[in-house]
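Text of the file input21.tsv, holding TSV, C-alpha atoms and all ligand atoms:
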```tsv
chain	number	residue	atom	x	y	z
A	209	ASP	CA	94.33	39.32	9.58
A	210	VAL	CA	96.20	36.27	10.82
A	211	THR	CA	93.22	35.13	12.89
A	212	LEU	CA	90.91	35.56	9.91
A	213	ILE	CA	93.18	33.38	7.82
A	214	ILE	CA	93.26	30.75	10.59
A	215	ILE	CA	89.40	30.71	10.87
A	216	PHE	CA	89.05	30.47	7.08
A	217	ALA	CA	91.54	27.58	6.92
A	218	LEU	CA	89.60	25.78	9.68
A	219	ILE	CA	86.27	26.19	7.83
A	220	VAL	CA	87.80	24.91	4.57
A	221	LYS	CA	89.11	21.92	6.42
A	222	GLU	CA	85.63	21.15	7.89
A	223	ILE	CA	83.70	21.58	4.59
A	224	PRO	CA	83.28	17.88	3.81
A	225	SER	CA	81.85	17.11	7.26
A	226	ILE	CA	79.51	20.16	7.07
A	227	ILE	CA	78.22	18.94	3.69
A	228	LEU	CA	77.77	15.45	5.03
A	229	PHE	CA	75.91	16.76	8.08
A	230	SER	CA	73.63	18.89	5.90
A	231	ILE	CA	72.82	15.93	3.63
A	232	CYS	CA	71.98	13.80	6.67
A	233	LEU	CA	69.78	16.60	8.01
A	234	VAL	CA	67.90	16.89	4.70
A	235	VAL	CA	67.43	13.12	4.47
A	236	VAL	CA	66.16	12.83	8.04
A	237	THR	CA	63.80	15.79	7.50
A	238	LEU	CA	62.48	14.23	4.31
A	239	ILE	CA	61.88	10.90	6.03
A	240	LEU	CA	60.11	12.67	8.89
A	241	LEU	CA	57.99	14.66	6.42
A	242	ILE	CA	57.00	11.52	4.55
A	243	VAL	CA	56.13	9.68	7.76
A	244	THR	CA	54.05	12.53	9.23
A	245	GLY	CA	52.50	13.22	5.82
A	246	ARG	CA	51.34	9.60	5.63
A	247	LYS	CA	49.93	9.89	9.13
A	248	ARG	CA	48.08	13.10	8.25
A	249	LEU	CA	46.69	11.48	5.12
A	250	ALA	CA	45.48	8.51	7.16
A	251	GLU	CA	43.85	10.93	9.65
A	252	LEU	CA	42.18	12.83	6.82
A	253	ASP	CA	40.82	9.53	5.49
A	254	GLU	CA	39.49	8.72	8.94
A	255	ILE	CA	37.71	12.11	9.12
A	256	LYS	CA	36.35	11.66	5.59
A	257	ASP	CA	34.92	8.26	6.59
A	258	ILE	CA	33.22	9.75	9.64
A	259	ILE	CA	31.69	12.55	7.56
A	260	ALA	CA	30.45	10.06	4.96
A	261	ASN	CA	28.92	7.92	7.72
A	262	ILE	CA	27.16	10.92	9.20
A	263	ARG	CA	25.88	11.91	5.76
A	264	ASN	CA	24.54	8.39	5.21
A	265	ASN	CA	22.79	8.40	8.62
A	266	ASN	CA	24.88	5.48	9.84
A	267	TYR	CA	24.99	6.69	13.42
A	268	GLU	CA	22.11	6.36	15.87
A	269	THR	CA	23.87	8.36	18.55
A	270	ALA	CA	27.06	10.41	18.85
A	271	GLU	CA	28.64	7.53	20.78
A	272	GLY	CA	29.22	5.66	17.51
A	273	ILE	CA	31.62	8.38	16.31
A	274	GLN	CA	35.12	7.13	17.14
A	275	LEU	CA	38.42	8.66	15.94
A	276	SER	CA	41.97	7.57	16.80
A	277	LYS	CA	43.54	8.75	20.05
A	278	ASN	CA	45.42	11.77	18.70
A	279	LEU	CA	42.20	13.14	17.16
A	280	GLU	CA	40.29	13.08	20.43
A	281	GLY	CA	39.71	16.85	20.45
A	282	LEU	CA	38.25	16.74	16.97
A	283	GLN	CA	36.15	13.72	17.89
A	284	GLU	CA	34.45	15.69	20.68
A	285	GLU	CA	33.80	18.61	18.32
A	286	ILE	CA	32.24	16.28	15.72
A	287	LYS	CA	30.11	14.62	18.42
A	288	GLY	CA	28.88	18.04	19.60
A	289	MET	CA	28.04	19.03	16.03
A	290	PHE	CA	26.23	15.72	15.49
A	291	ASP	CA	24.10	16.17	18.64
A	292	LYS	CA	23.22	19.75	17.71
A	293	ALA	CA	22.24	18.84	14.15
A	294	LYS	CA	20.20	15.89	15.45
A	295	SER	CA	18.25	17.97	17.95
A	296	ASP	CA	17.64	20.70	15.32
A	297	VAL	CA	16.26	18.10	12.92
A	298	GLU	CA	14.06	16.59	15.64
A	299	TYR	CA	12.74	20.06	16.53
A	300	LEU	CA	11.91	20.77	12.88
A	301	LYS	CA	10.22	17.40	12.51
A	302	ARG	CA	8.10	18.09	15.60
A	303	LEU	CA	7.12	21.51	14.21
A	304	GLU	CA	6.23	19.89	10.92
A	305	ARG	CA	4.09	17.31	12.71
A	306	ILE	CA	2.29	19.99	14.75
A	307	ARG	CA	1.75	22.02	11.59
A	308	SER	CA	0.25	19.16	9.61
A	309	GLU	CA	-1.90	18.12	12.60
A	310	PHE	CA	-3.09	21.71	12.83
A	311	LEU	CA	-3.90	21.80	9.14
A	312	GLY	CA	-5.82	18.52	9.47
A	313	ASN	CA	-7.79	19.97	12.39
A	314	VAL	CA	-8.51	23.20	10.51
A	315	SER	CA	-9.82	21.32	7.46
A	316	HIS	CA	-11.99	19.15	9.68
A	317	GLU	CA	-13.33	22.15	11.60
A	318	LEU	CA	-14.13	23.97	8.37
A	319	ARG	CA	-15.86	20.99	6.89
A	320	THR	CA	-18.33	20.55	9.75
A	321	PRO	CA	-20.19	23.88	9.40
A	322	ILE	CA	-19.91	23.90	5.59
A	323	PHE	CA	-21.47	20.41	5.37
A	324	SER	CA	-24.27	21.44	7.71
A	325	ILE	CA	-25.04	24.63	5.78
A	326	GLN	CA	-25.03	22.65	2.55
A	327	GLY	CA	-27.38	20.07	4.09
A	328	PHE	CA	-29.91	22.66	5.27
A	329	ILE	CA	-29.88	24.52	1.94
A	330	GLU	CA	-30.34	21.30	-0.02
A	331	THR	CA	-33.23	20.20	2.19
A	332	LEU	CA	-34.86	23.59	1.76
A	333	LEU	CA	-34.38	23.50	-2.02
A	334	ASN	CA	-35.84	20.00	-2.14
A	335	GLY	CA	-39.14	21.23	-0.85
A	336	ALA	CA	-38.73	22.08	2.85
A	337	ILE	CA	-38.84	25.76	1.92
A	338	ASP	CA	-42.59	25.46	1.50
A	339	ASP	CA	-43.07	23.73	4.83
A	340	PRO	CA	-43.77	26.47	7.40
A	341	LYS	CA	-43.06	24.03	10.24
A	342	VAL	CA	-39.36	23.69	9.39
A	343	ASN	CA	-38.28	26.33	6.87
A	344	LYS	CA	-37.50	29.06	9.42
A	345	LYS	CA	-35.82	26.58	11.75
A	346	PHE	CA	-33.54	25.30	8.99
A	347	LEU	CA	-32.60	28.83	7.96
A	348	GLU	CA	-31.83	29.70	11.57
A	349	LYS	CA	-29.63	26.61	11.90
A	350	ALA	CA	-27.78	27.39	8.67
A	351	ASN	CA	-27.31	30.92	9.94
A	352	GLN	CA	-25.89	29.63	13.25
A	353	HIS	CA	-23.35	27.57	11.30
A	354	THR	CA	-22.24	30.62	9.30
A	355	ILE	CA	-21.72	32.41	12.63
A	356	ASN	CA	-19.61	29.47	13.84
A	357	LEU	CA	-17.65	29.55	10.62
A	358	ASN	CA	-16.99	33.23	11.06
A	359	ASN	CA	-15.88	32.68	14.69
A	360	LEU	CA	-13.52	29.98	13.54
A	361	LEU	CA	-12.00	32.17	10.84
A	362	ASN	CA	-11.51	35.03	13.29
A	363	ASP	CA	-9.79	32.72	15.79
A	364	LEU	CA	-7.63	31.26	13.02
A	365	ILE	CA	-6.55	34.77	11.99
A	366	ASP	CA	-5.58	35.46	15.62
A	367	ILE	CA	-3.65	32.19	15.92
A	368	SER	CA	-1.75	32.88	12.71
A	369	MET	CA	-0.91	36.42	13.89
A	370	ILE	CA	0.37	34.94	17.15
A	371	GLU	CA	2.45	32.34	15.28
A	372	SER	CA	3.99	34.83	12.90
A	373	GLY	CA	4.74	37.23	15.75
A	374	GLU	CA	2.51	39.87	14.17
A	375	MET	CA	0.28	40.26	17.20
A	376	ARG	CA	1.49	43.65	18.40
A	377	MET	CA	0.89	44.57	22.00
A	378	SER	CA	0.42	48.07	23.31
A	379	PHE	CA	0.77	48.22	27.10
A	380	ARG	CA	-0.67	51.10	29.14
A	381	TYR	CA	-2.22	51.72	32.55
A	382	PHE	CA	-5.99	51.63	32.24
A	383	PRO	CA	-8.91	52.13	34.69
A	384	VAL	CA	-10.13	48.62	35.52
A	385	ARG	CA	-13.62	49.39	36.81
A	386	GLU	CA	-14.76	51.24	33.69
A	387	PHE	CA	-13.11	48.60	31.49
A	388	LEU	CA	-14.90	45.68	33.18
A	389	GLU	CA	-18.23	47.52	33.47
A	390	ASN	CA	-18.30	48.03	29.68
A	391	ILE	CA	-17.53	44.39	28.94
A	392	VAL	CA	-20.03	43.04	31.47
A	393	ASN	CA	-22.74	45.38	30.10
A	394	GLU	CA	-22.06	44.24	26.55
A	395	MET	CA	-22.40	40.60	27.61
A	396	GLN	CA	-25.54	40.91	29.75
A	397	SER	CA	-27.85	39.94	26.89
A	398	ALA	CA	-25.96	36.68	26.25
A	399	ALA	CA	-26.23	35.79	29.95
A	400	LYS	CA	-29.94	36.71	30.07
A	401	GLU	CA	-30.63	34.42	27.13
A	402	LYS	CA	-29.54	31.53	29.31
A	403	ASN	CA	-31.14	32.88	32.46
A	404	LEU	CA	-27.76	33.36	34.10
A	405	GLN	CA	-26.76	36.19	36.36
A	406	LEU	CA	-23.65	37.98	35.15
A	407	ILE	CA	-22.26	40.01	38.02
A	408	LEU	CA	-19.32	42.36	38.36
A	409	GLU	CA	-18.21	42.44	41.98
A	410	PRO	CA	-17.26	45.91	43.34
A	411	VAL	CA	-13.95	47.27	42.06
A	412	ARG	CA	-12.09	50.22	43.64
A	413	GLU	CA	-12.75	53.29	41.52
A	414	ASN	CA	-9.18	54.43	40.96
A	415	LEU	CA	-7.62	51.04	40.43
A	416	ARG	CA	-5.43	51.05	37.33
A	417	LEU	CA	-3.72	47.98	35.93
A	418	PHE	CA	-1.06	47.64	33.26
A	419	GLY	CA	-1.81	45.85	30.00
A	420	ASP	CA	-3.12	45.94	26.46
A	421	LYS	CA	-6.78	46.90	26.86
A	422	THR	CA	-7.89	45.63	23.45
A	423	LYS	CA	-6.26	42.24	23.86
A	424	LEU	CA	-7.45	41.96	27.46
A	425	LYS	CA	-10.99	42.66	26.31
A	426	GLN	CA	-10.63	39.69	23.96
A	427	VAL	CA	-9.45	37.57	26.94
A	428	LEU	CA	-12.39	38.60	29.12
A	429	VAL	CA	-14.97	38.19	26.36
A	430	ASN	CA	-13.56	34.70	25.69
A	431	LEU	CA	-13.58	33.67	29.35
A	432	ILE	CA	-17.04	35.11	30.07
A	433	THR	CA	-18.42	33.56	26.86
A	434	ASN	CA	-17.02	30.19	27.94
A	435	SER	CA	-18.57	30.56	31.39
A	436	ILE	CA	-21.93	31.36	29.82
A	437	LYS	CA	-21.58	28.50	27.32
A	438	TYR	CA	-20.67	25.89	29.91
A	439	THR	CA	-23.08	26.94	32.67
A	440	GLU	CA	-26.71	25.89	32.77
A	441	LYS	CA	-27.80	27.46	36.01
A	442	GLY	CA	-26.57	30.08	38.43
A	443	THR	CA	-24.05	32.88	38.11
A	444	VAL	CA	-21.01	34.12	36.28
A	445	GLU	CA	-19.00	36.51	38.42
A	446	VAL	CA	-16.16	38.84	37.52
A	447	ILE	CA	-14.06	39.49	40.60
A	448	VAL	CA	-11.07	41.79	41.07
A	449	LYS	CA	-8.75	41.15	43.97
A	450	GLU	CA	-6.24	43.85	44.77
A	451	GLU	CA	-2.81	43.01	46.15
A	452	ASP	CA	0.25	45.17	46.84
A	453	LYS	CA	1.85	44.97	43.43
A	454	TYR	CA	-0.84	43.47	41.23
A	455	GLY	CA	-4.53	43.05	40.60
A	456	GLU	CA	-6.08	39.65	40.01
A	457	ILE	CA	-9.06	39.28	37.70
A	458	THR	CA	-11.19	36.14	38.14
A	459	ILE	CA	-14.09	34.83	36.09
A	460	LYS	CA	-16.04	32.39	38.20
A	461	ASP	CA	-19.00	30.31	37.12
A	462	THR	CA	-21.34	27.70	38.57
A	463	GLY	CA	-21.15	25.56	35.44
A	464	ILE	CA	-20.38	22.01	34.45
A	465	GLY	CA	-16.74	22.21	35.58
A	466	ILE	CA	-13.60	20.65	34.13
A	467	PRO	CA	-12.16	17.24	35.11
A	468	ALA	CA	-8.79	17.63	36.89
A	469	GLU	CA	-6.90	15.70	34.19
A	470	ASP	CA	-8.07	18.15	31.53
A	471	THR	CA	-7.28	21.45	33.24
A	472	SER	CA	-3.90	21.77	31.55
A	473	ARG	CA	-5.07	20.43	28.18
A	474	ILE	CA	-7.92	22.91	27.68
A	475	PHE	CA	-5.35	25.51	26.56
A	476	GLU	CA	-4.23	23.32	23.65
A	477	ARG	CA	-5.45	24.31	20.21
A	478	PHE	CA	-8.64	22.45	19.27
A	479	PHE	CA	-8.83	20.57	22.56
A	480	ARG	CA	-12.39	20.28	23.87
A	481	ILE	CA	-13.70	18.11	26.64
A	482	ASP	CA	-16.96	17.51	24.78
A	483	LYS	CA	-16.55	18.19	21.07
A	484	ALA	CA	-20.23	17.94	20.19
A	485	ARG	CA	-21.24	20.25	23.00
A	486	SER	CA	-18.58	22.81	22.14
A	487	ARG	CA	-19.71	22.90	18.51
A	488	GLU	CA	-23.33	23.13	19.50
A	489	VAL	CA	-22.64	26.26	21.52
A	490	GLY	CA	-20.53	27.80	18.76
A	491	GLY	CA	-17.09	26.95	20.19
A	492	THR	CA	-13.98	26.80	18.03
A	493	GLY	CA	-11.62	25.07	20.46
A	494	LEU	CA	-9.17	27.94	19.94
A	495	GLY	CA	-10.41	30.50	22.46
A	496	LEU	CA	-8.33	29.40	25.44
A	497	ALA	CA	-5.20	28.96	23.29
A	498	ILE	CA	-5.54	32.63	22.32
A	499	VAL	CA	-6.28	33.64	25.93
A	500	LYS	CA	-3.17	31.82	27.14
A	501	HIS	CA	-0.97	33.52	24.59
A	502	ILE	CA	-2.26	37.03	25.37
A	503	ILE	CA	-1.88	36.56	29.13
A	504	GLU	CA	1.64	35.14	28.70
A	505	ALA	CA	2.52	38.19	26.59
A	506	HIS	CA	1.60	40.19	29.71
A	507	GLY	CA	4.23	38.23	31.66
A	508	SER	CA	1.47	36.41	33.53
A	509	LYS	CA	-0.35	33.08	33.41
A	510	VAL	CA	-3.90	31.79	33.60
A	511	ASP	CA	-4.82	29.79	36.71
A	512	VAL	CA	-7.71	27.35	36.59
A	513	LYS	CA	-9.61	25.98	39.54
A	514	SER	CA	-12.51	23.75	38.79
A	515	GLU	CA	-14.72	21.04	40.14
A	516	VAL	CA	-16.93	18.88	37.95
A	517	GLY	CA	-20.58	19.73	38.52
A	518	LYS	CA	-19.75	22.74	40.73
A	519	GLY	CA	-18.08	25.29	38.46
A	520	SER	CA	-14.84	26.81	37.24
A	521	GLU	CA	-12.61	29.77	38.02
A	522	PHE	CA	-10.16	31.30	35.57
A	523	SER	CA	-7.84	34.00	36.94
A	524	PHE	CA	-4.81	35.99	35.91
A	525	ARG	CA	-2.76	38.79	37.43
A	526	LEU	CA	-1.82	42.15	36.00
A	527	LYS	CA	0.82	44.60	37.24
A	528	LYS	CA	-0.40	47.56	39.27
A	601	LIG	P1	-14.32	26.26	22.87
A	601	LIG	O1	-14.45	27.17	21.72
A	601	LIG	O2	-14.61	24.84	22.53
A	601	LIG	O3	-15.06	26.74	24.05
A	601	LIG	P2	-11.92	26.94	24.30
A	601	LIG	O4	-10.50	26.91	23.88
A	601	LIG	O5	-12.48	28.25	24.70
A	601	LIG	O6	-12.75	26.25	23.17
A	601	LIG	O7	-12.08	25.94	25.52
A	601	LIG	C1	-11.61	24.62	25.40
A	601	LIG	C2	-12.48	23.63	26.16
A	601	LIG	O8	-12.36	23.87	27.57
A	601	LIG	C3	-13.97	23.77	25.88
A	601	LIG	O9	-14.35	23.02	24.75
A	601	LIG	C4	-14.59	23.21	27.16
A	601	LIG	O10	-14.63	21.80	27.10
A	601	LIG	C5	-13.58	23.62	28.24
A	601	LIG	N1	-13.98	24.85	28.98
A	601	LIG	C6	-13.54	26.09	28.77
A	601	LIG	N2	-14.08	26.97	29.63
A	601	LIG	C7	-14.91	26.26	30.42
A	601	LIG	C8	-15.76	26.58	31.54
A	601	LIG	N3	-15.89	27.82	32.01
A	601	LIG	N4	-16.44	25.55	32.11
A	601	LIG	C9	-16.32	24.28	31.66
A	601	LIG	N5	-15.54	23.91	30.63
A	601	LIG	C10	-14.83	24.89	30.01
```

Represent the structure of the file as structure tokens.
Amino acid sequence: DVTLIIIFALIVKEIPSIILFSICLVVVTLILLIVTGRKRLAELDEIKDIIANIRNNNYETAEGIQLSKNLEGLQEEIKGMFDKAKSDVEYLKRLERIRSEFLGNVSHELRTPIFSIQGFIETLLNGAIDDPKVNKKFLEKANQHTINLNNLLNDLIDISMIESGEMRMSFRYFPVREFLENIVNEMQSAAKEKNLQLILEPVRENLRLFGDKTKLKQVLVNLITNSIKYTEKGTVEVIVKEEDKYGEITIKDTGIGIPAEDTSRIFERFFRIDKARSREVGGTGLGLAIVKHIIEAHGSKVDVKSEVGKGSEFSFRLKK
């Protein structure tokens, strides 16, 4: 009890200094709060300025974004965000450019056959229909342009399916010999029309390769059609080379060939070495773009070897 009384007396005696100490503590804390609060407000203003500058496109590069020393971490984050947003915008702009270029090309490609058909029909209506020397020829030409138009629309449908990811693939093992024999037989008449020999080199009977037969038929028809279109004399050969793990299918022609600088560009949509010639033979400029996509969907790629005036070779590999 005595000790309690002594402690109590001591506390009572120290009360004024405790109060004083507490007041000092509160004052110092308040001052500190005000000072740091001001600093935080200034930092917030700095961040607000940066955001406003970004919004107003005032920065060319992320290097222009500068915050004070103690906000260095945030500065790096903002720079990263700026770079990401910039590259996203650039990517979208590029897509937009490609899209509008594509649309321009499509309109142009559609206009050519429509104008020609219109021209032939008008000429016929204006009297040529009664001229036996030209009437059949004009009708045949108009007909050829409707075929071209149809080819173009079919290729455009394929391209848009590819773009929208709707081109579904169905991979299976399939017998290669039978598959190629059917295609080559179907295309014999087109080759004969140009006096070309279309040959399927011997293929092992039981060879099976892995892929989507329907889409691969489209690839082969496209490549063989091209070989026939761009060859004036000689042969178009379909060759299968068998390796350990894969089979390689090659379409080889003795045609006009492709200049070295164009071999990579021929897979671009609407790229043609000779526009007039391609149109004349019913080309759309989209065939190889579709071929490339289908072969890439098989995890493979199309190789081109060509020499101007000698011929071209298109090959791709499929899993065994
Ligand atoms: P196209 O419908 O014009 O044939 P493609 O996309 O199939 O379009 O081919 C693009 C271009 O590549 C053709 O216009 C042609 O110039 C060239 N090309 C394609 N295959 C051959 C080939 N076998 N020989 C020579 N040139 C070819």

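Between CA of Asn266 in chain A and CA of Arg246 in chain A the interatomic distance comes to 27.1 Å.
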
Neighbourhood of ligand LIG 601 (chain A) at 6 Å, counting all atoms listed in the file, reported as a PDB file with C-alpha atoms, keeping the file's coordinate frame:
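Contents of selection.pdb, freshly written:
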```pdb
ATOM      1  CA  ASN A 434     -17.020  30.190  27.940  1.00  0.00           C
ATOM      2  CA  SER A 435     -18.570  30.560  31.390  1.00  0.00           C
ATOM      3  CA  TYR A 438     -20.670  25.890  29.910  1.00  0.00           C
ATOM      4  CA  GLY A 463     -21.150  25.560  35.440  1.00  0.00           C
ATOM      5  CA  ILE A 464     -20.380  22.010  34.450  1.00  0.00           C
ATOM      6  CA  GLY A 465     -16.740  22.210  35.580  1.00  0.00           C
ATOM      7  CA  ILE A 466     -13.600  20.650  34.130  1.00  0.00           C
ATOM      8  CA  ILE A 474      -7.920  22.910  27.680  1.00  0.00           C
ATOM      9  CA  PHE A 475      -5.350  25.510  26.560  1.00  0.00           C
ATOM     10  CA  PHE A 479      -8.830  20.570  22.560  1.00  0.00           C
ATOM     11  CA  ARG A 480     -12.390  20.280  23.870  1.00  0.00           C
ATOM     12  CA  ILE A 481     -13.700  18.110  26.640  1.00  0.00           C
ATOM     13  CA  ASP A 482     -16.960  17.510  24.780  1.00  0.00           C
ATOM     14  CA  SER A 486     -18.580  22.810  22.140  1.00  0.00           C
ATOM     15  CA  GLY A 491     -17.090  26.950  20.190  1.00  0.00           C
ATOM     16  CA  THR A 492     -13.980  26.800  18.030  1.00  0.00           C
ATOM     17  CA  GLY A 493     -11.620  25.070  20.460  1.00  0.00           C
ATOM     18  CA  LEU A 494      -9.170  27.940  19.940  1.00  0.00           C
ATOM     19  CA  GLY A 495     -10.410  30.500  22.460  1.00  0.00           C
ATOM     20  CA  LEU A 496      -8.330  29.400  25.440  1.00  0.00           C
ATOM     21  CA  ALA A 497      -5.200  28.960  23.290  1.00  0.00           C
ATOM     22  CA  SER A 520     -14.840  26.810  37.240  1.00  0.00           C
TER      23      SER A 520
END
```

Who sits within 9 Å of range 390-399 of chain A, all atoms listed in the file, same chain under 2 positions skipped, as a PyMOL selection string: chain A and resi 385-388+401-408+425+428-429+432-433+436+443-444+446

Please produce a file of those selected residues containing C-alpha atoms, as an mmCIF file, in the coordinates of the input.
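New file part_12.cif:
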```cif
data_model
loop_
_atom_site.group_PDB
_atom_site.id
_atom_site.type_symbol
_atom_site.label_atom_id
_atom_site.label_comp_id
_atom_site.auth_asym_id
_atom_site.auth_seq_id
_atom_site.Cartn_x
_atom_site.Cartn_y
_atom_site.Cartn_z
ATOM 1 C CA ARG A 385 -13.620 49.390 36.810
ATOM 2 C CA GLU A 386 -14.760 51.240 33.690
ATOM 3 C CA PHE A 387 -13.110 48.600 31.490
ATOM 4 C CA LEU A 388 -14.900 45.680 33.180
ATOM 5 C CA GLU A 401 -30.630 34.420 27.130
ATOM 6 C CA LYS A 402 -29.540 31.530 29.310
ATOM 7 C CA ASN A 403 -31.140 32.880 32.460
ATOM 8 C CA LEU A 404 -27.760 33.360 34.100
ATOM 9 C CA GLN A 405 -26.760 36.190 36.360
ATOM 10 C CA LEU A 406 -23.650 37.980 35.150
ATOM 11 C CA ILE A 407 -22.260 40.010 38.020
ATOM 12 C CA LEU A 408 -19.320 42.360 38.360
ATOM 13 C CA LYS A 425 -10.990 42.660 26.310
ATOM 14 C CA LEU A 428 -12.390 38.600 29.120
ATOM 15 C CA VAL A 429 -14.970 38.190 26.360
ATOM 16 C CA ILE A 432 -17.040 35.110 30.070
ATOM 17 C CA THR A 433 -18.420 33.560 26.860
ATOM 18 C CA ILE A 436 -21.930 31.360 29.820
ATOM 19 C CA THR A 443 -24.050 32.880 38.110
ATOM 20 C CA VAL A 444 -21.010 34.120 36.280
ATOM 21 C CA VAL A 446 -16.160 38.840 37.520
#
```

Straight-line distance linking CA of Lys527 in chain A with CA of Leu417 in chain A, stated in Å to one decimal: 5.8 Å

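Computed from the coordinates, the CA of Ser276 in chain A to CA of Leu249 in chain A distance equals 13.2 Å.
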
Contacts of range 279-282 of chain A within 12 Å, all atoms listed in the file, excl. fewer than 2 positions in-chain, as a compact mmCIF listing (two decimals) with C-alpha atoms, in the frame of the given file:
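What follows is the written file part32.txt:
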```
# COMPACT_ATOMS: atom_id res chain seq x y z
CA LYS A 247 49.93 9.89 9.13
CA ARG A 248 48.08 13.10 8.25
CA ALA A 250 45.48 8.51 7.16
CA GLU A 251 43.85 10.93 9.65
CA LEU A 252 42.18 12.83 6.82
CA GLU A 254 39.49 8.72 8.94
CA ILE A 255 37.71 12.11 9.12
CA ILE A 258 33.22 9.75 9.64
CA ILE A 273 31.62 8.38 16.31
CA GLN A 274 35.12 7.13 17.14
CA LEU A 275 38.42 8.66 15.94
CA SER A 276 41.97 7.57 16.80
CA LYS A 277 43.54 8.75 20.05
CA GLU A 284 34.45 15.69 20.68
CA GLU A 285 33.80 18.61 18.32
CA ILE A 286 32.24 16.28 15.72
CA LYS A 287 30.11 14.62 18.42
CA GLY A 288 28.88 18.04 19.60
CA MET A 289 28.04 19.03 16.03
```

So that I can see what lies close to Leu424 in chain A, please list as a compact mmCIF listing (two decimals) with C-alpha atoms, in the frame of the given file the residues with an atom at most 9 Å from it, counting all atoms listed in the file and leaving out residues fewer than 3 positions away in the same chain.
```txt
# COMPACT_ATOMS: atom_id res chain seq x y z
CA GLY A 419 -1.81 45.85 30.00
CA ASP A 420 -3.12 45.94 26.46
CA LYS A 421 -6.78 46.90 26.86
CA VAL A 427 -9.45 37.57 26.94
CA LEU A 428 -12.39 38.60 29.12
CA VAL A 429 -14.97 38.19 26.36
CA VAL A 499 -6.28 33.64 25.93
CA ILE A 502 -2.26 37.03 25.37
CA ILE A 503 -1.88 36.56 29.13
```

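Of the residues listed (A:Asp296, A:Lys449, A:Glu330, A:Leu526), A:Leu526 shows the shortest atom-to-atom separation from Phe382 in chain A; distances use all atoms listed in the file.
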
Nearest candidate to Phe524 in chain A (options A:Ile459, A:Val510, A:Ala270, A:Leu431; using all atoms listed in the file): A:Val510

Find the residues around range 346-357 of chain A up to 9 Å (all atoms listed in the file counted), leave out those fewer than 5 positions away in its own chain, and share them as a JSON list (two decimals) with C-alpha atoms, in the coordinates of the input.
```
[["chain", "number", "residue", "atom", "x", "y", "z"],
["A", 317, "GLU", "CA", -13.33, 22.15, 11.60],
["A", 318, "LEU", "CA", -14.13, 23.97, 8.37],
["A", 320, "THR", "CA", -18.33, 20.55, 9.75],
["A", 321, "PRO", "CA", -20.19, 23.88, 9.40],
["A", 322, "ILE", "CA", -19.91, 23.90, 5.59],
["A", 324, "SER", "CA", -24.27, 21.44, 7.71],
["A", 325, "ILE", "CA", -25.04, 24.63, 5.78],
["A", 326, "GLN", "CA", -25.03, 22.65, 2.55],
["A", 327, "GLY", "CA", -27.38, 20.07, 4.09],
["A", 328, "PHE", "CA", -29.91, 22.66, 5.27],
["A", 329, "ILE", "CA", -29.88, 24.52, 1.94],
["A", 331, "THR", "CA", -33.23, 20.20, 2.19],
["A", 332, "LEU", "CA", -34.86, 23.59, 1.76],
["A", 336, "ALA", "CA", -38.73, 22.08, 2.85],
["A", 337, "ILE", "CA", -38.84, 25.76, 1.92],
["A", 362, "ASN", "CA", -11.51, 35.03, 13.29],
["A", 487, "ARG", "CA", -19.71, 22.90, 18.51],
["A", 489, "VAL", "CA", -22.64, 26.26, 21.52],
["A", 490, "GLY", "CA", -20.53, 27.80, 18.76],
["A", 491, "GLY", "CA", -17.09, 26.95, 20.19],
["A", 492, "THR", "CA", -13.98, 26.80, 18.03]]
```

Near-Ser514 in chain A list (8 Å; only C-alpha atoms; drop same-chain fewer than 2 positions) as a list in words: Gly465, Ile466, Pro467, Ala468, Thr471, Val512, Val516, Lys518, Gly519, Ser520 and Glu521 of chain A

Best match for closeness to Asp366 in chain A among A:Gln426, A:Gly517, A:Val236, A:Ala260, counting all atoms listed in the file: A:Gln426

Pick from A:Glu440, A:Gly373, A:Val210, A:Val448 nearest to Glu413 in chain A, counting all atoms listed in the file: A:Val448

From A:Asn264, A:Thr269, A:Asn414, A:Ser315, residue lying nearest Ser295 in chain A [only C-alpha atoms]: A:Thr269
